[in-house]
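Colleague: structure_35.txt is reproduced in full below (compact mmCIF, C-alpha atoms).
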```
# COMPACT_ATOMS: atom_id res chain seq x y z
CA MET A 1 120.38 123.06 101.29
CA ASP A 2 123.83 121.80 100.36
CA ASP A 3 124.35 123.35 96.92
CA SER A 4 127.60 121.49 96.38
CA ARG A 5 125.86 118.15 96.91
CA LEU A 6 123.13 119.14 94.48
CA ASP A 7 125.68 120.34 91.93
CA GLU A 8 127.40 116.95 92.15
CA LEU A 9 124.33 115.40 90.57
CA ARG A 10 125.24 117.05 87.28
CA GLY A 11 128.54 115.18 87.34
CA GLU A 12 126.90 111.78 87.47
CA VAL A 13 127.86 109.57 84.52
CA LEU A 14 124.87 108.38 82.53
CA ASP A 15 124.56 104.73 81.60
CA TRP A 16 122.17 101.77 81.51
CA ARG A 17 120.85 102.66 84.97
CA HIS A 18 119.12 105.77 83.63
CA LYS A 19 116.29 104.53 81.43
CA ALA A 20 115.14 108.07 80.57
CA VAL A 21 118.24 108.91 78.52
CA PRO A 22 119.13 107.62 75.04
CA ALA A 23 121.97 105.19 74.51
CA ALA A 24 123.94 107.96 72.78
CA ALA A 25 124.23 109.70 76.17
CA HIS A 26 125.82 106.73 77.91
CA GLY A 27 129.30 107.57 79.16
CA LEU A 28 128.58 111.31 79.32
CA THR A 29 128.04 113.22 82.51
CA LEU A 30 124.59 114.66 82.97
CA ALA A 31 126.06 118.14 82.54
CA SER A 32 127.73 117.21 79.25
CA TRP A 33 124.58 115.63 77.91
CA LEU A 34 122.52 118.70 78.78
CA ASP A 35 125.15 120.99 77.25
CA SER A 36 124.60 119.16 73.94
CA GLU A 37 121.05 120.55 73.96
CA PRO A 38 119.28 117.23 73.31
CA GLY A 39 115.89 117.38 71.70
CA LEU A 40 112.74 115.80 73.07
CA GLY A 41 112.59 113.55 70.02
CA GLU A 42 115.95 112.01 70.95
CA LEU A 43 114.44 110.42 74.07
CA ASP A 44 113.42 106.83 73.53
CA THR A 45 110.12 105.53 74.82
CA PRO A 46 108.63 105.03 77.27
CA VAL A 47 109.75 108.15 79.08
CA VAL A 48 108.29 110.55 81.63
CA THR A 49 109.17 114.23 81.34
CA LEU A 50 108.58 117.47 83.22
CA SER A 51 107.53 120.78 81.68
CA ALA A 52 109.86 123.62 82.70
CA GLY A 53 107.14 126.21 82.18
CA ALA A 54 104.50 124.37 84.19
CA LEU A 55 106.95 123.82 87.04
CA GLU A 56 107.73 127.52 87.19
CA HIS A 57 104.05 128.43 87.11
CA ASN A 58 103.13 126.04 89.92
CA LEU A 59 105.99 127.10 92.16
CA ALA A 60 105.05 130.77 91.85
CA ALA A 61 101.30 130.19 92.13
CA MET A 62 101.52 128.29 95.42
CA ALA A 63 104.14 130.60 96.91
CA ASP A 64 102.08 133.69 96.11
CA TRP A 65 98.86 132.14 97.42
CA CYS A 66 100.46 131.21 100.76
CA ALA A 67 102.19 134.57 101.13
CA GLU A 68 98.94 136.46 100.57
CA ARG A 69 97.36 134.54 103.47
CA GLY A 70 100.29 134.59 105.87
CA LEU A 71 100.68 130.81 105.67
CA ALA A 72 103.92 128.84 105.75
CA LEU A 73 104.59 125.91 103.42
CA ALA A 74 106.64 122.80 104.13
CA PRO A 75 105.82 120.74 101.04
CA HIS A 76 105.66 116.99 101.38
CA GLY A 77 108.85 115.71 99.84
CA LYS A 78 107.50 112.21 99.28
CA ALA A 79 105.58 113.45 96.24
CA THR A 80 108.80 113.74 94.23
CA MET A 81 111.75 112.66 96.40
CA ALA A 82 113.71 115.05 94.20
CA PRO A 83 116.08 117.33 96.15
CA GLN A 84 116.48 119.54 93.07
CA LEU A 85 112.75 120.31 93.21
CA TRP A 86 112.89 120.70 97.00
CA ARG A 87 115.54 123.39 96.54
CA ARG A 88 113.29 125.24 94.10
CA GLN A 89 110.40 125.01 96.54
CA LEU A 90 112.58 126.37 99.34
CA GLU A 91 113.89 129.16 97.10
CA ALA A 92 110.27 130.06 96.35
CA GLY A 93 109.62 130.58 100.06
CA ALA A 94 108.94 127.19 101.64
CA VAL A 95 110.11 127.03 105.29
CA GLY A 96 111.15 123.37 105.22
CA VAL A 97 110.41 119.95 103.79
CA THR A 98 107.94 117.40 105.09
CA VAL A 99 108.68 113.67 104.97
CA ALA A 100 106.78 110.57 106.04
CA ASN A 101 109.50 108.28 107.38
CA LEU A 102 113.18 108.04 108.28
CA PRO A 103 114.47 106.89 104.86
CA GLN A 104 112.94 110.03 103.37
CA ALA A 105 114.37 112.11 106.19
CA ALA A 106 117.78 110.60 105.48
CA VAL A 107 117.61 111.91 101.91
CA ALA A 108 116.74 115.36 103.24
CA ARG A 109 119.65 115.19 105.67
CA ALA A 110 122.06 114.04 102.94
CA PHE A 111 121.19 117.10 100.84
CA GLY A 112 121.37 119.57 103.70
CA VAL A 113 117.72 120.43 104.27
CA GLU A 114 117.86 122.50 107.46
CA ARG A 115 114.28 122.04 108.64
CA VAL A 116 112.38 118.77 108.33
CA LEU A 117 108.94 117.81 109.59
CA VAL A 118 108.34 114.07 109.92
CA ALA A 119 104.56 114.06 109.60
CA ASN A 120 104.26 110.59 111.08
CA GLU A 121 105.03 108.70 114.26
CA ILE A 122 108.52 107.30 114.89
CA THR A 123 108.36 104.40 117.33
CA SER A 124 111.68 102.60 116.86
CA PRO A 125 114.55 103.28 119.31
CA ALA A 126 117.01 103.45 116.41
CA GLY A 127 114.84 106.03 114.66
CA ALA A 128 114.52 108.12 117.81
CA ALA A 129 118.31 108.06 118.29
CA TRP A 130 118.84 109.10 114.67
CA LEU A 131 116.49 112.08 114.99
CA SER A 132 118.14 113.11 118.24
CA ALA A 133 121.61 112.89 116.70
CA TRP A 134 120.49 115.00 113.76
CA ALA A 135 119.08 117.66 116.09
CA ALA A 136 122.39 117.63 117.98
CA GLU A 137 124.13 118.55 114.74
CA GLY A 138 122.03 121.68 114.51
CA ALA A 139 119.19 120.65 112.24
CA ARG A 140 115.65 121.56 113.13
CA ALA A 141 113.83 118.23 113.24
CA ALA A 142 110.19 117.81 114.24
CA VAL A 143 108.14 114.63 114.49
CA PHE A 144 104.51 113.72 115.12
CA ALA A 145 103.44 111.82 118.25
CA ASP A 146 99.97 110.57 119.18
CA SER A 147 100.56 108.48 122.32
CA VAL A 148 102.55 108.59 125.54
CA GLU A 149 104.19 105.34 124.44
CA ALA A 150 105.50 107.01 121.27
CA VAL A 151 106.78 109.93 123.35
CA ALA A 152 108.64 107.50 125.62
CA VAL A 153 110.45 106.05 122.60
CA LEU A 154 111.41 109.53 121.38
CA ALA A 155 112.58 110.50 124.87
CA GLY A 156 114.92 107.53 124.81
CA GLY A 157 116.86 109.03 121.91
CA GLY A 158 119.69 109.76 124.29
CA ARG A 159 120.87 113.24 123.28
CA ASP A 160 120.53 116.58 125.04
CA ALA A 161 119.49 118.40 121.86
CA ALA A 162 115.77 118.94 121.75
CA VAL A 163 113.72 117.17 119.13
CA GLU A 164 110.56 119.11 118.36
CA VAL A 165 107.37 117.12 118.86
CA VAL A 166 104.03 117.95 117.26
CA VAL A 167 100.99 116.35 118.88
CA GLU A 168 98.93 114.69 116.18
CA LEU A 169 95.15 114.80 116.43
CA GLY A 170 93.24 112.15 114.54
CA ALA A 171 89.62 111.17 114.02
CA ALA A 172 87.63 107.95 114.36
CA GLY A 173 88.28 105.65 111.44
CA GLY A 174 91.24 107.71 110.26
CA ARG A 175 94.87 106.79 110.37
CA ALA A 176 97.22 107.87 113.19
CA GLY A 177 96.43 110.66 115.64
CA ALA A 178 95.08 110.91 119.18
CA ARG A 179 91.35 110.25 119.11
CA SER A 180 90.34 112.88 121.68
CA ALA A 181 91.49 116.17 123.12
CA GLU A 182 92.10 114.41 126.44
CA GLU A 183 94.42 111.86 124.85
CA ALA A 184 96.22 114.63 122.98
CA ALA A 185 96.68 116.59 126.22
CA ALA A 186 98.27 113.54 127.84
CA VAL A 187 100.69 113.27 124.93
CA ALA A 188 101.57 116.95 125.29
CA ALA A 189 102.21 116.54 129.02
CA ALA A 190 104.53 113.60 128.36
CA VAL A 191 106.50 115.66 125.85
CA ARG A 192 106.89 118.56 128.29
CA ALA A 193 108.15 116.16 130.96
CA ALA A 194 110.96 114.85 128.70
CA PRO A 195 114.13 116.99 128.95
CA ASN A 196 115.30 116.15 125.44
CA LEU A 197 111.96 116.86 123.74
CA ARG A 198 110.20 120.13 123.09
CA LEU A 199 106.48 120.59 122.60
CA ALA A 200 106.40 122.51 119.32
CA GLY A 201 102.80 122.42 118.13
CA VAL A 202 99.83 120.41 116.93
CA GLY A 203 99.04 118.87 113.59
CA GLY A 204 97.12 116.32 111.61
CA TYR A 205 95.79 115.30 108.23
CA GLU A 206 92.36 116.46 107.20
CA GLY A 207 92.24 114.36 104.03
CA ALA A 208 91.35 111.20 105.95
CA VAL A 209 88.14 112.57 107.50
CA ASP A 210 84.68 113.34 106.12
CA ASP A 211 84.01 116.54 108.09
CA VAL A 212 87.09 118.53 107.12
CA ASP A 213 86.03 121.82 108.70
CA GLY A 214 84.91 120.12 111.91
CA TYR A 215 88.22 118.32 112.22
CA LEU A 216 90.21 121.50 111.59
CA ALA A 217 88.12 123.35 114.19
CA ALA A 218 88.97 120.62 116.72
CA LEU A 219 92.65 121.03 115.85
CA ALA A 220 92.35 124.78 116.51
CA GLU A 221 90.69 124.09 119.86
CA LEU A 222 93.48 121.69 120.80
CA PHE A 223 96.05 124.35 119.93
CA ALA A 224 94.28 126.87 122.17
CA SER A 225 94.22 124.44 125.10
CA LEU A 226 97.95 123.67 125.27
CA GLU A 227 101.06 125.50 126.45
CA PHE A 228 103.98 125.10 124.10
CA GLU A 229 107.75 125.23 124.52
CA SER A 230 108.19 127.48 121.51
CA ASP A 231 107.88 131.20 120.90
CA ARG A 232 105.93 130.47 117.73
CA PRO A 233 104.28 127.04 117.91
CA VAL A 234 103.27 125.19 114.79
CA VAL A 235 99.78 124.30 113.62
CA THR A 236 100.12 122.05 110.59
CA ALA A 237 97.67 120.37 108.22
CA GLY A 238 96.89 120.59 104.55
CA GLY A 239 97.35 117.87 102.01
CA SER A 240 97.09 118.63 98.31
CA ALA A 241 93.28 118.59 98.16
CA HIS A 242 91.88 120.67 101.04
CA PHE A 243 94.50 123.30 101.78
CA ASP A 244 91.89 125.99 101.06
CA ARG A 245 89.88 124.81 104.06
CA VAL A 246 93.03 124.81 106.19
CA ALA A 247 93.57 128.43 105.19
CA ALA A 248 89.97 129.31 106.04
CA VAL A 249 89.76 127.53 109.40
CA LEU A 250 93.32 127.65 110.71
CA GLY A 251 94.53 130.76 108.91
CA PRO A 252 93.18 133.08 111.66
CA LEU A 253 95.72 131.48 114.04
CA ALA A 254 98.62 132.88 112.01
CA GLY A 255 99.11 135.74 114.47
CA ARG A 256 99.79 133.32 117.32
CA ALA A 257 101.14 130.30 115.45
CA GLU A 258 103.07 129.32 112.37
CA VAL A 259 100.33 127.76 110.26
CA VAL A 260 102.16 125.28 108.05
CA LEU A 261 100.66 123.63 104.97
CA ARG A 262 102.20 120.35 103.86
CA SER A 263 100.83 120.19 100.31
CA GLY A 264 103.40 118.62 98.00
CA SER A 265 101.88 117.49 94.71
CA TYR A 266 101.09 121.03 93.57
CA VAL A 267 104.60 121.40 92.16
CA VAL A 268 103.80 119.04 89.27
CA HIS A 269 100.00 118.67 89.54
CA ASP A 270 98.49 116.09 87.12
CA HIS A 271 95.82 115.35 84.51
CA GLY A 272 93.57 113.25 86.75
CA PHE A 273 93.51 112.76 90.52
CA TYR A 274 94.59 116.23 91.64
CA ALA A 275 93.11 117.87 88.56
CA ARG A 276 89.76 116.86 90.09
CA LEU A 277 90.54 117.46 93.78
CA THR A 278 92.52 120.67 94.20
CA PRO A 279 90.61 123.67 95.55
CA ALA A 280 90.52 125.46 92.19
CA ALA A 281 89.10 122.33 90.51
CA ARG A 282 86.38 122.13 93.16
CA GLY A 283 85.49 125.81 92.83
CA GLY A 284 87.32 126.70 96.04
CA ALA A 285 89.73 129.49 96.89
CA GLY A 286 92.99 128.12 95.59
CA PRO A 287 95.59 128.76 92.90
CA SER A 288 95.28 127.23 89.45
CA PHE A 289 98.01 124.72 88.66
CA LEU A 290 99.27 123.27 85.39
CA PRO A 291 100.06 119.59 84.79
CA ALA A 292 103.84 119.41 84.51
CA LEU A 293 104.29 115.64 84.32
CA THR A 294 103.55 113.69 81.15
CA ALA A 295 104.71 110.49 79.50
CA ARG A 296 105.59 109.59 75.95
CA ALA A 297 104.89 106.08 74.70
CA ARG A 298 105.19 104.46 71.30
CA VAL A 299 102.69 102.30 69.43
CA LEU A 300 104.02 98.75 69.41
CA SER A 301 101.13 97.00 67.74
CA ARG A 302 97.77 97.52 66.05
CA PRO A 303 96.58 93.90 66.41
CA GLU A 304 92.88 94.57 65.73
CA PRO A 305 90.53 97.43 64.85
CA GLY A 306 89.96 99.89 67.68
CA LEU A 307 93.03 98.79 69.64
CA ALA A 308 96.56 100.19 69.88
CA ILE A 309 99.20 98.75 72.21
CA LEU A 310 101.75 101.20 73.62
CA ASP A 311 105.15 100.43 75.13
CA ALA A 312 104.41 101.91 78.60
CA GLY A 313 103.20 99.81 81.50
CA ARG A 314 102.97 99.56 85.26
CA ARG A 315 106.74 99.89 85.52
CA ASP A 316 106.62 103.28 83.82
CA VAL A 317 103.43 105.22 84.60
CA PRO A 318 101.06 105.51 87.58
CA PHE A 319 97.83 103.51 87.56
CA ASP A 320 96.64 103.45 91.19
CA GLN A 321 94.17 106.34 90.80
CA ASP A 322 93.52 106.53 87.06
CA LEU A 323 94.98 105.10 83.89
CA PRO A 324 96.91 107.56 81.72
CA LEU A 325 95.00 109.90 79.42
CA PRO A 326 95.96 110.00 75.71
CA LEU A 327 96.51 113.65 74.84
CA GLY A 328 95.63 114.95 71.41
CA VAL A 329 93.88 111.72 70.36
CA GLU A 330 90.18 112.54 70.30
CA GLY A 331 87.91 109.63 71.18
CA ALA A 332 90.69 107.38 72.48
CA ARG A 333 91.17 106.16 76.04
CA CYS A 334 93.46 103.85 77.98
CA SER A 335 91.43 100.84 78.98
CA GLN A 336 93.94 98.39 80.43
CA ILE A 337 97.53 98.27 81.65
CA SER A 338 99.97 95.43 82.23
CA ASP A 339 103.59 95.39 83.32
CA GLN A 340 104.98 96.63 80.00
CA HIS A 341 101.95 97.36 77.80
CA LEU A 342 99.22 100.00 77.72
CA PHE A 343 95.97 99.31 75.86
CA VAL A 344 94.42 102.27 74.00
CA THR A 345 90.92 101.73 72.63
CA GLY A 346 88.33 103.77 70.76
CA GLU A 347 89.20 106.16 67.95
CA VAL A 348 92.75 104.95 67.29
CA ALA A 349 92.72 104.71 63.49
CA ALA A 350 95.22 107.56 63.23
CA LEU A 351 97.76 105.80 65.44
CA GLY A 352 100.24 103.89 63.34
CA VAL A 353 102.88 101.46 64.50
CA GLY A 354 105.89 103.42 65.76
CA GLU A 355 103.95 106.63 66.41
CA VAL A 356 104.57 108.42 69.71
CA VAL A 357 101.60 109.25 71.95
CA GLU A 358 101.74 111.81 74.74
CA LEU A 359 100.01 110.70 77.94
CA GLY A 360 98.60 112.74 80.77
CA LEU A 361 99.24 111.13 84.16
CA SER A 362 97.32 110.87 87.41
CA HIS A 363 98.82 110.90 90.93
CA PRO A 364 102.44 112.06 90.66
CA CYS A 365 103.44 110.33 93.91
CA THR A 366 103.37 107.00 92.07
CA ALA A 367 105.00 108.34 88.91
CA PHE A 368 108.25 109.72 90.31
CA ASP A 369 109.13 106.49 92.08
CA LYS A 370 109.38 104.70 88.72
CA TRP A 371 112.13 106.96 87.36
CA ASN A 372 115.53 107.77 88.85
CA LEU A 373 116.10 110.54 86.31
CA ILE A 374 113.36 112.67 84.73
CA PRO A 375 114.17 115.04 81.85
CA VAL A 376 112.85 118.60 82.06
CA VAL A 377 111.77 119.94 78.67
CA ASP A 378 111.14 123.41 77.32
CA GLY A 379 110.14 124.15 73.74
CA GLY A 380 111.10 120.69 72.51
CA ARG A 381 114.52 120.78 74.18
CA VAL A 382 115.78 118.94 77.26
CA VAL A 383 116.99 121.73 79.52
CA ASP A 384 117.51 119.88 82.80
CA ALA A 385 117.01 116.51 84.46
CA VAL A 386 115.69 115.78 87.94
CA ARG A 387 117.23 112.99 89.99
CA THR A 388 114.95 111.09 92.39
CA PHE A 389 115.86 109.06 95.50
CA PHE A 390 113.35 106.38 96.49
```
Show how you would write the structure in this file as structure tokens.
Modeller:
Amino acid sequence: MDDSRLDELRGEVLDWRHKAVPAAAHGLTLASWLDSEPGLGELDTPVVTLSAGALEHNLAAMADWCAERGLALAPHGKATMAPQLWRRQLEAGAVGVTVANLPQAAVARAFGVERVLVANEITSPAGAAWLSAWAAEGARAAVFADSVEAVAVLAGGGRDAAVEVVVELGAAGGRAGARSAEEAAAVAAAVRAAPNLRLAGVGGYEGAVDDVDGYLAALAELFASLEFESDRPVVTAGGSAHFDRVAAVLGPLAGRAEVVLRSGSYVVHDHGFYARLTPAARGGAGPSFLPALTARARVLSRPEPGLAILDAGRRDVPFDQDLPLPLGVEGARCSQISDQHLFVTGEVAALGVGEVVELGLSHPCTAFDKWNLIPVVDGGRVVDAVRTFF
């Protein structure tokens, strides 16, 4: 990655655009504010923070687990859209960064990510030309394709540099992906016939199917049936929930292929959605992660017995999978959320007006997009801040 571009982030001047920092930091550069060793208590509410220790644990746990199994990791960048965290994932051994669309790929390009996998179809001529131009500059860019029509668009990119194409296999009722081995073979043939494309592997997403092992076995069979234009073709799958099954079913291909997991949310984990779904939570063979992302919200009102209203809402915390979880408040739960208010019910007698409540969050993908700057805390001190680009 481009270290100079990342270092420039520390020179950004803080102001009203950065809702995570206190007013006292306005006018300072991020570096100057961090050098002042701000305390966690100086952050106003609502605010979302990252735990430095949990981040370090998760990075090492996933890297070690993949290395022990001979698996590569290209974590899905959409989980955080934070190049600073991408760099840490790459430094821990990741081979590249996965994205889902061209705006995300543009962020990766801007920060010098050398290898990007677009785990989605690109069917616009402008998008195909952009990918081709990027490959011509020396980047290693790969993209999914599931139809001969999509391949034709990619082939029209207009550059001699080869864009890597991964044939996506799908399943009935799922999202994108060729629905049969025959359709996938036709896609592969179209890629091989295009002089500016290179057949680089096969891939898909097992999280959208019921029979995960059956789908992964079909992906392995597709891999065995094709001839690739790469010395080490890619077989890629593995969201954040079933990467243990990918290791079990596709891992044996590691001698002939680069088996690439795309799990992304592991780096911050959570207190809800992934806390229930990761392999370790399901009793599977997977590393144990720690929730690194939490929120702090303040009690605005105690309008009636058994009810506390906090100053965090839909603009601040994720709510698409679960409502936040009050931490350290036994018998209390979040029961309702609106744009700027969070309702906590149950045993809330100890919560006075003005008191700060820590909240566990669920589904980090919809937490990061609400904050353009997220403080990283360690032992009650703000030690870093992560910039996001959505």
Colleague: With only C-alpha atoms as the counted atoms, please give the residues lying no more than 7 Å from A:Phe389, apart from itself and same-chain residues fewer than 6 positions off, as an MDAnalysis selection string.
Modeller: chainID A and resid 81:82 372
Colleague: Just want the 7 Å neighbourhood of A:Ser132, counted on all atoms listed in the file, with same-chain residues fewer than 6 positions away dropped. Output as a VMD selection string.
Modeller: chain A and resid 157 159 161 163
Colleague: Near A:Ala150, within 9 Å and counting only C-alpha atoms, which residues show up once chain neighbours fewer than 2 positions away are dropped, as a ChimeraX atom specification?
Modeller: /A:121-124,145-148,152-155,187
Colleague: Need to verify the contact set: A:His271, 8 Å, all atoms listed in the file, exclusion of same-chain residues closer than 2 positions in sequence. Can you return it as a list of chain:residue names?
Modeller: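 The neighbour list is A:His269, A:Phe273, A:Tyr274, A:Ala275, A:Pro291, A:Leu325, A:Gly360, A:Leu361, A:Ser362.
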Colleague: I need the residue nearest A:Asp3 from this list: A:Ala24, A:Val268, A:Ala110, A:Ala285. Use all atoms listed in the file for the distance.
Modeller: A:Ala110
Colleague: Rank nothing, just name the residue among A:Gly41, A:Gly286, A:Gly306, A:Pro83 nearest to A:Glu355, using all atoms listed in the file.
Modeller: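 Closest to A:Glu355 of all the choices is A:Gly41.
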Colleague: Taking (109.4, 114.2, 78.9) in the coordinates of the supplied file, I want to know which residues reach to within 10 Å of it, counting only C-alpha atoms; could you give the answer as a CSV table (one decimal) with C-alpha atoms, in the frame of the given file?
Modeller:
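Now in result25.csv:
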```
chain,number,residue,atom,x,y,z
A,20,ALA,CA,115.1,108.1,80.6
A,40,LEU,CA,112.7,115.8,73.1
A,41,GLY,CA,112.6,113.6,70.0
A,43,LEU,CA,114.4,110.4,74.1
A,44,ASP,CA,113.4,106.8,73.5
A,45,THR,CA,110.1,105.5,74.8
A,46,PRO,CA,108.6,105.0,77.3
A,47,VAL,CA,109.8,108.2,79.1
A,48,VAL,CA,108.3,110.6,81.6
A,49,THR,CA,109.2,114.2,81.3
A,50,LEU,CA,108.6,117.5,83.2
A,51,SER,CA,107.5,120.8,81.7
A,292,ALA,CA,103.8,119.4,84.5
A,293,LEU,CA,104.3,115.6,84.3
A,294,THR,CA,103.6,113.7,81.2
A,295,ALA,CA,104.7,110.5,79.5
A,296,ARG,CA,105.6,109.6,76.0
A,358,GLU,CA,101.7,111.8,74.7
A,374,ILE,CA,113.4,112.7,84.7
A,375,PRO,CA,114.2,115.0,81.8
A,376,VAL,CA,112.8,118.6,82.1
A,377,VAL,CA,111.8,119.9,78.7
A,378,ASP,CA,111.1,123.4,77.3
A,380,GLY,CA,111.1,120.7,72.5
A,381,ARG,CA,114.5,120.8,74.2
A,382,VAL,CA,115.8,118.9,77.3
A,385,ALA,CA,117.0,116.5,84.5
```
Colleague: Of the candidates A:Ala136, A:Ala224, A:Val118, A:Leu55, which one gets nearest to A:Ala106 if we count all atoms listed in the file?
Modeller: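 That would be A:Val118, the residue with the smallest distance to A:Ala106.
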